[in-house]
Each structure stands twice: as C-alpha cells, then as structure tokens.
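Heads up, the thing below is written out as structure tokens.
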Amino acid sequence: MNRDLSVLHALRCVGTAGLARVASFTGLAESDVESELIDLAVAGLVTHHKGFGGWALTESGRAADAERTGAELESAGSRPALAEAFDAFLVLNPELLDLCTAWQVRSAGGVTTINDHSDAAYDARVLALFTDFHTRAVVVVAALAAAVPRFGRYDARLSEALDRAQAGELERLADTIDSFHTIWAELHEDLLATLGIARWSG
C-alpha cells in the first residue's frame with residue numbers, strides 16, 4: 001500500500017486523529033504523515049479540524065479509500081482468503097472484549113467496581129489470559145497477512161503492547177490509544193473497511 005493510501009486508510013479506520021495516532025497506525029514518521037496529509041488535503045480527500053487538532057476524511061476521501069482498497073483486493077484476488085481469515089477473527093473478538101472488561105472492572109457478589117489494580121494476583125491472572133489469547137490471535141493475523149500483506153503490521157503492534165504490559169506498563173492492555181485493545185479494534189475496523197462491510201451489518 002502506497003504511503004498516501006496508507007495515511008488515507010488510517011483515518012478511515014481510526015476516525016478523526018492527530019499525527020501520533022496516524023503514525024502509530026501506519027508505521028510512518030510523524031513528519032511523513034503530516035506531508036501526506038497536506039497533499040491529501042490539497043486533493044480534497046482529508047480536512048483538518050483546527051479546534052480539535054485532528055485530521056479526518058472528507059466524503060470524497062472516504063469514497064477514494066473504499067475504491068482503492070477494493071481495487072487492492074480484486075487485483076490480488078485475495079478477497080476470499082481475507083474473508084475466511086476474518087471469520088476466524090470474529091470467533092476471537094468476543095473473547096478479547098470479555099478480557100478487556102475483566103481488566104477494567106471486577107464483579108463480586110453482584111457488585112461491579114472499577115479495577116484499581118491493587119490486587120496483583122487478580123491482574124496476573126487476567127494478564128495470563130491475555131497472553132494465551134495472543135498466542136491464538138497471532139495465528140489469525142498471520143492468515144490475514146497471507147491474504148493481504150499489510151495486515152502483518154498488526155502482529156508486531158499487538159506483540160509490543162503485550163510485551164510492555166508484561167513489563168509493567170499495565171495501561172498498554174486496554175487503557176491507551178496504543179493499547180492491545182485499541183490496536184485490536186483498529187484491526188477490526190481495517191477488516192470491515194477493506195472488505196466493504198458496514199460496521200453493524202448482520
């Protein structure tokens with residue numbers, strides 16, 4: 001995927017975002033992201049919200065990304081393989097959402113409270129479940145990457161987030177824009193956008 005398409009597609013997947021978020025998604029330097037965004041703005045494909053400080057797709061930009069990602073799939077003949085791998089992703093998705101809930105809140109005796117991470121044993125159990133989930137998730141990501149190589153970036157991003165959480169940066173599981181949960185959600189949006197599936201369809 002070319003740099004301009006990568007930046008355009010990032011905004012389609014993450015919504016309105018600043019340079020750091022787009023750089024994280026694409027793997028490009030922030031200076032390169034900014035350069036591409038300026039060019040895309042001149043072309044009328046993105047717009048900058050001065051008050052918010054973020055960039056967003058225009059309707060023309062959304063249509064252009066849909067056309068380009070669709071053409072990418074068709075030219076490579078990879079739609080069937082990606083759709084099959086997406087089915088495997090959907091099997092895992094509810095489990096990840098449950099893990100994130102378990103990480104952020106605790107339930108006992110019918111009472112739900114915010115997890116303040118004061119119980120190290122509880123956090124260790126949930127982190128172990130994330131680790132087990134990751135071993136299965138990378139298999140799915142590998143299948144996605146075999147169909148469309150650019151999906152391979154998610155392997156490194158998810159692995160880094162988990163490694164940092166295991167090293168003590170607990171917020172990298174579900175509480176930051178570069179957390180395991182956020183990256184997984186971006187992967188979900190990327191798959192929907194690439195396959196042309198409406199977010200809440202069936």
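FYI, nothing fancy with the structure tokens labels: chains A, B, ... in order, residues from 1 per chain, ligands from 1 as they appear.
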Problem set entry | DSSP helix (DSSP H, G or I) residues within stretch 1-65 of chain A, as a PyMOL selection string | chain A and resi 3-14+19-26+30-42+59-65
Restricted to N, CA, C and O atoms, what would the selected residues look like written as a compact mmCIF listing (two decimals), in the first residue's frame?
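As a result, result.txt now contains:
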```txt
# COMPACT_ATOMS: atom_id res chain seq x y z
N ARG A 3 2.19 5.17 0.47
CA ARG A 3 2.11 5.98 1.69
C ARG A 3 0.84 6.81 1.76
O ARG A 3 0.23 6.92 2.81
N ASP A 4 0.44 7.41 0.63
CA ASP A 4 -0.76 8.25 0.67
C ASP A 4 -1.99 7.41 0.97
O ASP A 4 -2.86 7.82 1.75
N LEU A 5 -2.07 6.22 0.39
CA LEU A 5 -3.21 5.35 0.65
C LEU A 5 -3.16 4.85 2.09
O LEU A 5 -4.20 4.72 2.76
N SER A 6 -1.97 4.58 2.60
CA SER A 6 -1.84 4.12 3.98
C SER A 6 -2.36 5.17 4.95
O SER A 6 -3.09 4.85 5.90
N VAL A 7 -2.03 6.43 4.71
CA VAL A 7 -2.48 7.51 5.58
C VAL A 7 -3.99 7.72 5.43
O VAL A 7 -4.70 7.89 6.42
N LEU A 8 -4.46 7.69 4.20
CA LEU A 8 -5.90 7.84 3.96
C LEU A 8 -6.67 6.72 4.65
O LEU A 8 -7.69 6.95 5.31
N HIS A 9 -6.17 5.51 4.52
CA HIS A 9 -6.84 4.35 5.10
C HIS A 9 -6.81 4.40 6.63
O HIS A 9 -7.75 3.96 7.29
N ALA A 10 -5.73 4.93 7.18
CA ALA A 10 -5.64 5.06 8.63
C ALA A 10 -6.80 5.88 9.17
O ALA A 10 -7.44 5.50 10.16
N LEU A 11 -7.09 7.00 8.53
CA LEU A 11 -8.19 7.85 9.00
C LEU A 11 -9.53 7.16 8.83
O LEU A 11 -10.45 7.38 9.63
N ARG A 12 -9.65 6.32 7.82
CA ARG A 12 -10.90 5.58 7.66
C ARG A 12 -11.09 4.58 8.80
O ARG A 12 -12.22 4.31 9.22
N CYS A 13 -9.99 4.06 9.31
CA CYS A 13 -10.07 3.03 10.36
C CYS A 13 -10.14 3.61 11.76
O CYS A 13 -10.81 3.04 12.63
N VAL A 14 -9.44 4.73 12.03
CA VAL A 14 -9.39 5.25 13.39
C VAL A 14 -10.27 6.48 13.59
O VAL A 14 -10.47 6.92 14.73
N LEU A 19 -1.50 13.46 14.44
CA LEU A 19 -0.36 12.86 13.74
C LEU A 19 0.14 11.60 14.45
O LEU A 19 0.47 10.61 13.79
N ALA A 20 0.20 11.63 15.79
CA ALA A 20 0.75 10.48 16.53
C ALA A 20 -0.08 9.23 16.30
O ALA A 20 0.47 8.14 16.11
N ARG A 21 -1.39 9.37 16.29
CA ARG A 21 -2.27 8.20 16.11
C ARG A 21 -2.11 7.64 14.70
O ARG A 21 -2.05 6.41 14.51
N VAL A 22 -2.05 8.51 13.71
CA VAL A 22 -1.90 8.05 12.32
C VAL A 22 -0.52 7.42 12.12
O VAL A 22 -0.38 6.40 11.44
N ALA A 23 0.50 8.01 12.75
CA ALA A 23 1.86 7.45 12.64
C ALA A 23 1.91 6.06 13.26
O ALA A 23 2.54 5.15 12.71
N SER A 24 1.25 5.88 14.41
CA SER A 24 1.22 4.57 15.05
C SER A 24 0.55 3.54 14.16
O SER A 24 1.02 2.40 14.05
N PHE A 25 -0.53 3.93 13.51
CA PHE A 25 -1.28 3.01 12.66
C PHE A 25 -0.46 2.61 11.42
O PHE A 25 -0.46 1.44 11.03
N THR A 26 0.21 3.59 10.82
CA THR A 26 0.88 3.35 9.54
C THR A 26 2.32 2.89 9.67
O THR A 26 2.88 2.29 8.74
N GLU A 30 6.05 10.85 11.96
CA GLU A 30 5.03 11.89 12.01
C GLU A 30 5.25 12.94 10.93
O GLU A 30 4.28 13.47 10.36
N SER A 31 6.51 13.25 10.62
CA SER A 31 6.78 14.24 9.57
C SER A 31 6.29 13.76 8.22
O SER A 31 5.76 14.54 7.41
N ASP A 32 6.45 12.46 7.96
CA ASP A 32 5.98 11.90 6.68
C ASP A 32 4.45 11.87 6.65
O ASP A 32 3.84 12.14 5.61
N VAL A 33 3.84 11.56 7.79
CA VAL A 33 2.38 11.57 7.88
C VAL A 33 1.84 12.96 7.59
O VAL A 33 0.90 13.13 6.83
N GLU A 34 2.47 13.95 8.21
CA GLU A 34 2.00 15.33 8.01
C GLU A 34 2.12 15.74 6.55
O GLU A 34 1.21 16.37 5.99
N SER A 35 3.21 15.38 5.91
CA SER A 35 3.40 15.70 4.49
C SER A 35 2.32 15.07 3.63
O SER A 35 1.74 15.72 2.74
N GLU A 36 2.03 13.79 3.90
CA GLU A 36 1.00 13.10 3.13
C GLU A 36 -0.38 13.72 3.39
O GLU A 36 -1.19 13.88 2.46
N LEU A 37 -0.66 14.09 4.63
CA LEU A 37 -1.96 14.67 4.97
C LEU A 37 -2.16 16.01 4.27
O LEU A 37 -3.26 16.33 3.80
N ILE A 38 -1.10 16.80 4.18
CA ILE A 38 -1.20 18.08 3.48
C ILE A 38 -1.52 17.86 2.01
O ILE A 38 -2.39 18.53 1.43
N ASP A 39 -0.85 16.90 1.40
CA ASP A 39 -1.12 16.59 -0.01
C ASP A 39 -2.56 16.09 -0.18
O ASP A 39 -3.23 16.46 -1.15
N LEU A 40 -3.01 15.25 0.73
CA LEU A 40 -4.38 14.73 0.66
C LEU A 40 -5.41 15.84 0.88
O LEU A 40 -6.48 15.82 0.27
N ALA A 41 -5.07 16.81 1.73
CA ALA A 41 -5.97 17.93 1.96
C ALA A 41 -6.08 18.80 0.70
O ALA A 41 -7.18 19.25 0.34
N VAL A 42 -4.96 19.02 0.03
CA VAL A 42 -4.97 19.78 -1.22
C VAL A 42 -5.85 19.09 -2.26
O VAL A 42 -6.56 19.73 -3.04
N GLU A 59 -15.96 13.26 2.53
CA GLU A 59 -16.75 12.24 1.84
C GLU A 59 -16.00 11.72 0.62
O GLU A 59 -16.02 10.53 0.30
N SER A 60 -15.31 12.64 -0.08
CA SER A 60 -14.51 12.22 -1.25
C SER A 60 -13.38 11.30 -0.82
O SER A 60 -13.05 10.34 -1.52
N GLY A 61 -12.78 11.60 0.34
CA GLY A 61 -11.69 10.77 0.84
C GLY A 61 -12.16 9.38 1.21
O GLY A 61 -11.49 8.38 0.94
N ARG A 62 -13.35 9.33 1.83
CA ARG A 62 -13.91 8.03 2.20
C ARG A 62 -14.18 7.19 0.95
O ARG A 62 -13.89 5.98 0.91
N ALA A 63 -14.74 7.83 -0.06
CA ALA A 63 -15.05 7.12 -1.31
C ALA A 63 -13.76 6.67 -2.00
O ALA A 63 -13.69 5.55 -2.54
N ALA A 64 -12.74 7.53 -1.97
CA ALA A 64 -11.48 7.18 -2.62
C ALA A 64 -10.81 6.00 -1.93
O ALA A 64 -10.27 5.10 -2.58
N ASP A 65 -10.85 5.98 -0.59
CA ASP A 65 -10.24 4.86 0.13
C ASP A 65 -10.99 3.57 -0.15
O ASP A 65 -10.38 2.51 -0.35
```
Using only C-alpha atoms, what does the table of stretch 33-130 of chain A residues within 12 Å of stretch 145-162 of chain A look like, with each row giving the shortest atom pair and its distance in Å to one decimal, sorted by chain and ascending number, as CSV?
```
residue,atom,partner,partner_atom,distance
A:Thr69,CA,A:Val148,CA,10.6
A:Gly70,CA,A:Val148,CA,11.8
A:Glu72,CA,A:Val148,CA,8.8
A:Leu73,CA,A:Val148,CA,7.8
A:Glu74,CA,A:Val148,CA,11.1
A:Ser75,CA,A:Val148,CA,11.3
A:Ala76,CA,A:Val148,CA,8.4
A:Gly77,CA,A:Ala147,CA,8.9
A:Ser78,CA,A:Ala147,CA,5.5
A:Arg79,CA,A:Ala147,CA,7.7
A:Pro80,CA,A:Ala147,CA,8.6
A:Ala81,CA,A:Ala147,CA,5.6
A:Leu82,CA,A:Ala147,CA,5.4
A:Ala83,CA,A:Ala147,CA,9.1
A:Glu84,CA,A:Ala147,CA,9.5
A:Ala85,CA,A:Ala147,CA,8.2
A:Phe86,CA,A:Ala147,CA,10.4
A:Leu127,CA,A:Leu162,CA,8.7
A:Ala128,CA,A:Leu162,CA,10.4
A:Leu129,CA,A:Leu162,CA,11.3
A:Phe130,CA,A:Leu162,CA,7.9
```
Written file, previous selection with N, CA and C atoms, as a PDB file, in the first residue's frame:
```pdb
ATOM      1  N   THR A  69      -8.998   0.431  -1.731  1.00  0.00           N
ATOM      2  CA  THR A  69      -8.841  -0.823  -1.000  1.00  0.00           C
ATOM      3  C   THR A  69      -9.587  -1.955  -1.702  1.00  0.00           C
ATOM      4  N   GLY A  70     -10.725  -1.627  -2.312  1.00  0.00           N
ATOM      5  CA  GLY A  70     -11.444  -2.640  -3.080  1.00  0.00           C
ATOM      6  C   GLY A  70     -10.631  -3.106  -4.267  1.00  0.00           C
ATOM      7  N   GLU A  72      -7.416  -3.014  -4.499  1.00  0.00           N
ATOM      8  CA  GLU A  72      -6.282  -3.773  -3.969  1.00  0.00           C
ATOM      9  C   GLU A  72      -6.653  -5.250  -3.805  1.00  0.00           C
ATOM     10  N   LEU A  73      -7.835  -5.504  -3.258  1.00  0.00           N
ATOM     11  CA  LEU A  73      -8.280  -6.881  -3.069  1.00  0.00           C
ATOM     12  C   LEU A  73      -8.526  -7.587  -4.393  1.00  0.00           C
ATOM     13  N   GLU A  74      -9.213  -6.888  -5.279  1.00  0.00           N
ATOM     14  CA  GLU A  74      -9.585  -7.524  -6.545  1.00  0.00           C
ATOM     15  C   GLU A  74      -8.368  -7.816  -7.409  1.00  0.00           C
ATOM     16  N   SER A  75      -7.415  -6.887  -7.450  1.00  0.00           N
ATOM     17  CA  SER A  75      -6.233  -7.092  -8.298  1.00  0.00           C
ATOM     18  C   SER A  75      -5.383  -8.262  -7.807  1.00  0.00           C
ATOM     19  N   ALA A  76      -5.379  -8.457  -6.488  1.00  0.00           N
ATOM     20  CA  ALA A  76      -4.595  -9.560  -5.920  1.00  0.00           C
ATOM     21  C   ALA A  76      -5.394 -10.856  -5.849  1.00  0.00           C
ATOM     22  N   GLY A  77      -6.709 -10.775  -6.074  1.00  0.00           N
ATOM     23  CA  GLY A  77      -7.560 -11.950  -5.970  1.00  0.00           C
ATOM     24  C   GLY A  77      -7.610 -12.521  -4.563  1.00  0.00           C
ATOM     25  N   SER A  78      -7.445 -11.643  -3.566  1.00  0.00           N
ATOM     26  CA  SER A  78      -7.305 -12.117  -2.182  1.00  0.00           C
ATOM     27  C   SER A  78      -8.563 -11.971  -1.333  1.00  0.00           C
ATOM     28  N   ARG A  79      -9.666 -11.535  -1.924  1.00  0.00           N
ATOM     29  CA  ARG A  79     -10.878 -11.339  -1.124  1.00  0.00           C
ATOM     30  C   ARG A  79     -11.347 -12.631  -0.438  1.00  0.00           C
ATOM     31  N   PRO A  80     -11.432 -13.767  -1.133  1.00  0.00           N
ATOM     32  CA  PRO A  80     -11.907 -14.990  -0.455  1.00  0.00           C
ATOM     33  C   PRO A  80     -11.034 -15.384   0.733  1.00  0.00           C
ATOM     34  N   ALA A  81      -9.695 -15.294   0.576  1.00  0.00           N
ATOM     35  CA  ALA A  81      -8.793 -15.676   1.664  1.00  0.00           C
ATOM     36  C   ALA A  81      -8.927 -14.712   2.839  1.00  0.00           C
ATOM     37  N   LEU A  82      -9.090 -13.414   2.552  1.00  0.00           N
ATOM     38  CA  LEU A  82      -9.232 -12.446   3.628  1.00  0.00           C
ATOM     39  C   LEU A  82     -10.557 -12.641   4.353  1.00  0.00           C
ATOM     40  N   ALA A  83     -11.612 -12.909   3.609  1.00  0.00           N
ATOM     41  CA  ALA A  83     -12.922 -13.130   4.215  1.00  0.00           C
ATOM     42  C   ALA A  83     -12.894 -14.360   5.125  1.00  0.00           C
ATOM     43  N   GLU A  84     -12.185 -15.404   4.711  1.00  0.00           N
ATOM     44  CA  GLU A  84     -12.079 -16.614   5.532  1.00  0.00           C
ATOM     45  C   GLU A  84     -11.315 -16.316   6.828  1.00  0.00           C
ATOM     46  N   ALA A  85     -10.223 -15.556   6.712  1.00  0.00           N
ATOM     47  CA  ALA A  85      -9.453 -15.199   7.895  1.00  0.00           C
ATOM     48  C   ALA A  85     -10.259 -14.273   8.810  1.00  0.00           C
ATOM     49  N   PHE A  86     -11.093 -13.428   8.217  1.00  0.00           N
ATOM     50  CA  PHE A  86     -11.949 -12.531   9.004  1.00  0.00           C
ATOM     51  C   PHE A  86     -12.931 -13.345   9.847  1.00  0.00           C
ATOM     52  N   LEU A 127      -3.803 -11.005  32.967  1.00  0.00           N
ATOM     53  CA  LEU A 127      -2.688 -10.839  32.034  1.00  0.00           C
ATOM     54  C   LEU A 127      -2.296 -12.178  31.411  1.00  0.00           C
ATOM     55  N   ALA A 128      -2.354 -13.236  32.192  1.00  0.00           N
ATOM     56  CA  ALA A 128      -2.053 -14.569  31.659  1.00  0.00           C
ATOM     57  C   ALA A 128      -3.074 -14.972  30.599  1.00  0.00           C
ATOM     58  N   LEU A 129      -4.322 -14.592  30.801  1.00  0.00           N
ATOM     59  CA  LEU A 129      -5.358 -14.884  29.814  1.00  0.00           C
ATOM     60  C   LEU A 129      -5.128 -14.082  28.534  1.00  0.00           C
ATOM     61  N   PHE A 130      -4.674 -12.835  28.674  1.00  0.00           N
ATOM     62  CA  PHE A 130      -4.310 -12.040  27.501  1.00  0.00           C
ATOM     63  C   PHE A 130      -3.176 -12.723  26.730  1.00  0.00           C
TER      64      PHE A 130
END
```
Problem set entry | Separation of atom CA of A:Thr47 from atom CA of A:Leu195 in Å |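 Between these atoms lies a distance of 24.6 Å.
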Exercise. Which neighbours of A:Leu99 fall inside 12 Å, counting only C-alpha atoms, when residues of the same chain fewer than 4 positions from it are skipped, and could you give them as a ChimeraX atom specification?
Worked result: /A:92-95,103-106,123,125-134,173-174,180-181
For this session: Mind giving me the straight-line distance from atom CA of A:Phe89 to atom CA of A:Val140 in Å, one decimal?
Result: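 Answer for the atom CA of A:Phe89 to atom CA of A:Val140 separation: 6.3 Å.
Interatomic distance, atom CA of A:Thr182 against atom CA of A:Cys100: 10.3 Å.
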Exercise. Using only C-alpha atoms, which of A:Ala29, A:Asn115, A:Lys50, A:Glu67 sits nearest A:Asp175?
Worked result: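 Using only C-alpha atoms, A:Asp175 sits closest to A:Asn115.
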Exercise. Which residues, written as an NGL selection string, have at least one atom at most 12 Å from A:His49, with only C-alpha atoms counted and residues fewer than 3 positions away on the same chain left out?
Worked result: :A and (16-18 or 41 or 46 or 52-58)
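Taking only C-alpha atoms into account, A:Ala88 lies nearest to A:Ala142 out of the set A:Ala120, A:Ala66, A:Ala108, A:Ala142.
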Exercise. Running DSSP on the backbone, which parts of stretch 40-184 of chain A land in strand (DSSP E or B), as a PyMOL selection string?
Worked result: chain A and resi 46-49+54-57+105-108+111-114
Got time to write the residues from that selection, N, CA, C and O atoms, as a CSV table (one decimal), in the first residue's frame?
```csv
chain,number,residue,atom,x,y,z
A,46,VAL,N,-8.9,14.9,2.7
A,46,VAL,CA,-9.0,15.0,4.1
A,46,VAL,C,-9.1,16.4,4.5
A,46,VAL,O,-8.9,17.3,3.7
A,47,THR,N,-9.5,16.7,5.7
A,47,THR,CA,-9.6,18.0,6.3
A,47,THR,C,-9.1,18.1,7.7
A,47,THR,O,-9.0,17.0,8.4
A,48,HIS,N,-8.6,19.2,8.1
A,48,HIS,CA,-8.0,19.4,9.4
A,48,HIS,C,-9.0,20.2,10.3
A,48,HIS,O,-9.4,21.3,9.9
A,49,HIS,N,-9.3,19.7,11.5
A,49,HIS,CA,-10.1,20.4,12.4
A,49,HIS,C,-9.2,21.2,13.4
A,49,HIS,O,-8.6,20.6,14.3
A,54,GLY,N,-7.2,17.6,14.9
A,54,GLY,CA,-7.1,16.3,14.3
A,54,GLY,C,-7.5,16.4,12.8
A,54,GLY,O,-8.0,17.4,12.3
A,55,TRP,N,-7.2,15.3,12.1
A,55,TRP,CA,-7.5,15.2,10.7
A,55,TRP,C,-8.6,14.2,10.5
A,55,TRP,O,-8.7,13.2,11.3
A,56,ALA,N,-9.4,14.4,9.5
A,56,ALA,CA,-10.5,13.5,9.2
A,56,ALA,C,-10.7,13.4,7.7
A,56,ALA,O,-10.3,14.3,6.9
A,57,LEU,N,-11.3,12.3,7.3
A,57,LEU,CA,-11.7,12.1,5.9
A,57,LEU,C,-12.8,13.0,5.5
A,57,LEU,O,-13.7,13.3,6.3
A,105,VAL,N,-12.9,-3.8,35.0
A,105,VAL,CA,-13.9,-3.8,36.1
A,105,VAL,C,-13.8,-5.2,36.7
A,105,VAL,O,-13.4,-6.2,36.1
A,106,ARG,N,-14.3,-5.2,38.0
A,106,ARG,CA,-14.4,-6.5,38.7
A,106,ARG,C,-15.8,-6.7,39.3
A,106,ARG,O,-16.4,-5.7,39.7
A,107,SER,N,-16.2,-7.9,39.3
A,107,SER,CA,-17.6,-8.2,39.8
A,107,SER,C,-17.5,-9.2,40.9
A,107,SER,O,-16.8,-10.3,40.8
A,108,ALA,N,-18.2,-8.9,42.0
A,108,ALA,CA,-18.2,-9.8,43.1
A,108,ALA,C,-19.5,-9.6,43.9
A,108,ALA,O,-19.9,-8.5,44.2
A,111,VAL,N,-21.9,-7.1,42.6
A,111,VAL,CA,-21.5,-5.7,42.6
A,111,VAL,C,-20.3,-5.5,41.7
A,111,VAL,O,-19.3,-6.3,41.7
A,112,THR,N,-20.4,-4.6,40.8
A,112,THR,CA,-19.3,-4.3,39.8
A,112,THR,C,-18.6,-3.0,40.2
A,112,THR,O,-19.2,-2.0,40.5
A,113,THR,N,-17.3,-3.1,40.3
A,113,THR,CA,-16.4,-2.0,40.6
A,113,THR,C,-15.3,-1.8,39.7
A,113,THR,O,-14.9,-2.8,39.0
A,114,ILE,N,-14.7,-0.6,39.6
A,114,ILE,CA,-13.6,-0.4,38.7
A,114,ILE,C,-12.4,-1.1,39.3
A,114,ILE,O,-12.1,-1.2,40.5
```
Problem set entry | Which of A:Gly110, A:Ala43, A:Asp87, A:Ser179 sits closest to A:Asp163 [using only C-alpha atoms] | A:Ser179
